[in-house]
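Below: the structure, in structure tokens.
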Amino acid sequence: MPLNRRKFLKKSAVTGAGVALAGTAAAPAAQAAERKKPGKPAKRYSLTVMGTTDLHGHVFNWDYFKDAEYADAAGNAMGLARVSTLVNQIRQEKGRRNTLLLDAGDTIQGTPLTYYFAKVDPITAKGGPVHPMAQAMNAIGYDAAALGNHEFNYGIETLRKFEDQCRFPLLGANALDAKTLKPAFPPYFIKTFRVPGAPPVKVAVLGLTNPGIAIWDKAYVQGKLTFPGLEEQAAKWVPKLRSMGADVVVVSAHSGSSGTSSYGDQLPYVENSAALVAQKVPGIDAILVGHAHVEIPELKVTNTATGKTVVLSEPLCYAERLSVFDFNLVFEKGRWSVESVAASLRNAKTVADDPKITRLLKDEHALVVEYVNQVVGTATATLTTVEARYKDAPIIDLITKVQEDVVKAALVGTAYASLPVIAQASPFSRTSQIPAGNVTIRDLSGLYVYDNTLVAKLLTGAQVRAYLEYSAEYFVQTAADAVVDTEKLTNAGGRPDYNYDYVSGFSYDIDIAQAAGSRIKNLTYNGAALDDAQQFVLAVNNYRANGGGAFPHVASATEVWSESTEIRTRIAEWVTAKGVLDPKDFASVDWKLTRNGTPVF
């Protein structure tokens, strides 16, 4: 049965308790082998904790945007159907009763499959479907999952419905009710493992989510939920779990290990703080890391208070890897203690899909494939993002044109109707293509892979200039006489492509021979030098509007309009209404890269 949230909240309000589920399994005697030594022999027990993260709606090894089996340059395979096979193998190796299966968040957003069941055939409708991720994870037998920031992308109602459909708890010790400051979700989960001839082993799992939710999904959570830092909440809960008799404490954290934040100083809490939690909070044995989409087989962090080693692992994303933590425990002096922890990864490409999962969700998969292959228009030319990082590409101009048109229409009759509307967009994908000929929802969805919505913000010319300078930090400083390698031209300081913005409506050069902060040259609007005092309405995605990427001025700027319809949907509507997708209707060369005034290309 799904977890009864009301009972939990009633209990937690009184006792501060989390979810204590007695998954009391009798372990095979072999798992409690005795080692002979002088005096009383010590009991031993081996336990395995498996973990996924950042599944982002990937059930199958399928690319809905390309309508084909998933393939990348590294030969990876993905999807919960593959992970299910890996999990079954480990349960067979270790004994199912000696294993625990966790996830570290970002589950219900990221593919047309998850979009379909949030928006097209929503799980929140009366008599609506069961979310395919709930179906798959229930069938695989997850024990608990931490909340990710993308769990909040479709609003709290969708998240709560998903929670009801899951037969395991969604954990978030630092997701608090804004009014009571009590946990709005179960903070923890405890499972008890029976050991023949010895006391049981209690394993506690603490779930922590990302403080950035307060910025990225402000429209849904402001005034309802608050998200304090991972370190402070772990420091509060880990001692409680130990006092409740936890022999092993595992943290499932939707937070990377780098110690950095994409949102600058907008929040007093670190975005990627998993290693800091390990270092600063005593009493943690292992951390399943999420959020950063990186592959970390094993990272050992020394806790500064105790000197003990905490083992971290992050299994990449999209169910391409499975983290495996192997614990060895010994019973001495009346208690169990962790003798060793080792982490490793298993690769989804080494196994086939579990037919149980493919059978379970074949109908939902077929529905979504049919949906994304609907033809909504025709294109007069092929449009691609291949060079969009370093050349002004018409395909990105399509996004800004749609955003401009939507905001202009929304502002008609308002005090802001006379102001010029400009728009930002980023080259999200390096492989998106809209082919000449029939254009499908799939083609357009592949262009805009995130479920962002549109916001209109008020900026001055001076603020736009600062915004563009910050965006231009994306380029690696390149001397005028240096050979240009397009593979090494971008992503300076590790900045991802989605944090480089075009801004429409202006003409400007980006001089990459100059130091960051003084690269924007010849910035004009309507053929004249930009007036720093002029006001503009910026059509901007909600991630950027709320501070994602830490672009200057935009988060604090006056908001004049917003909506909950995805930009991806607006693009599909725009193309459907036009019927014909012709670059002359939206494309213009607004910017170019230069070196000391000479164009790079």
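The way I read the labels, and the way they are meant: chains A, B, ... in the order of the structure tokens, residue 1 as the first residue of every chain, and ligand 1 as the first ligand shown, with later ones counted on from there.
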Handout entry: Polymer residues at most 9 Å from A:Thr440, only C-alpha atoms, same-chain spacing of 5 or more positions, as a VMD selection string
Key = chain A and resid 372 to 378 434 445 572
Handout entry: Neighbour list for A:Tyr500 as an NGL selection string, cut-off 7 Å, only C-alpha atoms, skip fewer than 6 positions in-chain
Key = :A and (426 or 471 or 474)
Selected residues written out with C-alpha atoms, as a CSV table (one decimal), in the first residue's frame:
```
chain,number,residue,atom,x,y,z
A,426,SER,CA,20.2,28.7,-24.7
A,471,SER,CA,26.8,35.1,-20.6
A,474,TYR,CA,31.1,31.0,-21.4
```
Problem - A:Ser258 environment, 9 Å, only C-alpha atoms, sequence neighbours closer than 5 positions dropped, as a PyMOL selection string - result: chain A and resi 271-276+292
Handout entry: Residues near stretch 147-150 of chain A, cut-off 10 Å, only C-alpha atoms, skip fewer than 6 positions along chain, as a PyMOL selection string
Key = chain A and resi 53-54+56+103-110+159+169-175+185+207-214+216-217+252-255+290-291+451
Convert the current residue selection to file output with C-alpha atoms, as a compact mmCIF listing (two decimals), in the first residue's frame.
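Output (result-v6.txt):
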```txt
# COMPACT_ATOMS: atom_id res chain seq x y z
CA THR A 53 19.72 8.74 -9.25
CA ASP A 54 18.51 11.29 -11.79
CA HIS A 56 14.51 11.63 -15.31
CA ASP A 103 17.16 6.45 -5.38
CA ALA A 104 18.52 9.98 -4.94
CA GLY A 105 15.87 11.95 -6.82
CA ASP A 106 14.84 13.64 -10.09
CA THR A 107 12.41 10.95 -11.16
CA ILE A 108 9.25 12.40 -12.69
CA GLN A 109 10.59 14.90 -15.23
CA GLY A 110 12.89 14.67 -18.21
CA LEU A 159 4.18 15.35 -6.77
CA PRO A 169 8.51 6.70 0.80
CA LEU A 170 9.76 9.88 -0.84
CA LEU A 171 12.23 11.32 1.65
CA GLY A 172 13.10 14.96 2.26
CA ALA A 173 14.39 15.86 5.72
CA ASN A 174 15.07 19.41 4.52
CA ALA A 175 11.74 19.90 2.71
CA PHE A 185 7.75 14.60 3.66
CA GLY A 207 16.77 11.68 2.53
CA LEU A 208 17.98 15.18 1.65
CA THR A 209 16.93 17.32 -1.30
CA ASN A 210 18.31 20.42 -2.97
CA PRO A 211 17.91 23.91 -1.46
CA GLY A 212 17.82 25.32 -5.00
CA ILE A 213 14.18 24.24 -5.29
CA ALA A 214 13.34 27.50 -3.51
CA TRP A 216 14.08 27.03 -9.45
CA ASP A 217 10.45 26.23 -8.61
CA SER A 252 20.42 9.64 -0.07
CA ALA A 253 21.22 13.19 -1.14
CA HIS A 254 20.01 15.03 -4.22
CA SER A 255 23.12 17.18 -4.11
CA GLY A 290 22.64 12.73 -7.02
CA HIS A 291 21.91 15.92 -8.96
CA ASP A 451 10.03 21.61 -18.98
```
Problem - Contact residues around A:Val205 with only C-alpha atoms at 7 Å, ignoring same-chain residues under 2 positions, as a PyMOL selection string - result: chain A and resi 188-190+203+207+249-252
Exercise for the section: Grab the atom CA of A:Arg544 to atom CA of A:Tyr502 distance for me, in Å with one decimal place. Expected result: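 Straight-line distance from atom CA of A:Arg544 to atom CA of A:Tyr502 works out to 12.5 Å.
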Handout entry: From A:Leu113, A:Gly51, A:Phe536, A:Glu364, residue lying nearest A:Pro297 [only C-alpha atoms]
Key =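 Of all the options, A:Gly51 lies closest to A:Pro297.
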Practice task
For A:Leu299, work out the shell of residues within 9 Å, counting only C-alpha atoms and skipping chain neighbours fewer than 2 positions away, then give it as an MDAnalysis selection string.
Solution key: chainID A and resid 275 296:297 301 310:314 343
Store the residues picked out above in a file with C-alpha atoms, as a CSV table (one decimal), in the first residue's frame.
```
chain,number,residue,atom,x,y,z
A,275,ALA,CA,30.9,15.8,0.4
A,296,ILE,CA,31.7,8.5,-9.2
A,297,PRO,CA,32.3,4.9,-8.5
A,301,VAL,CA,35.7,11.6,2.5
A,310,VAL,CA,32.5,8.1,4.7
A,311,VAL,CA,32.0,6.5,1.3
A,312,LEU,CA,30.2,8.3,-1.5
A,313,SER,CA,29.1,7.1,-4.9
A,314,GLU,CA,27.1,8.7,-7.8
A,343,ALA,CA,31.4,1.3,-3.4
```
Handout entry: Shell of 12 Å around A:Ala409, only C-alpha atoms, local chain residues under 6 positions omitted, as a list in words
Key = Val402, Gln403, Tyr416, Ala417, Ser418, Val421, Ala456, Ala539 and Trp561 of chain A
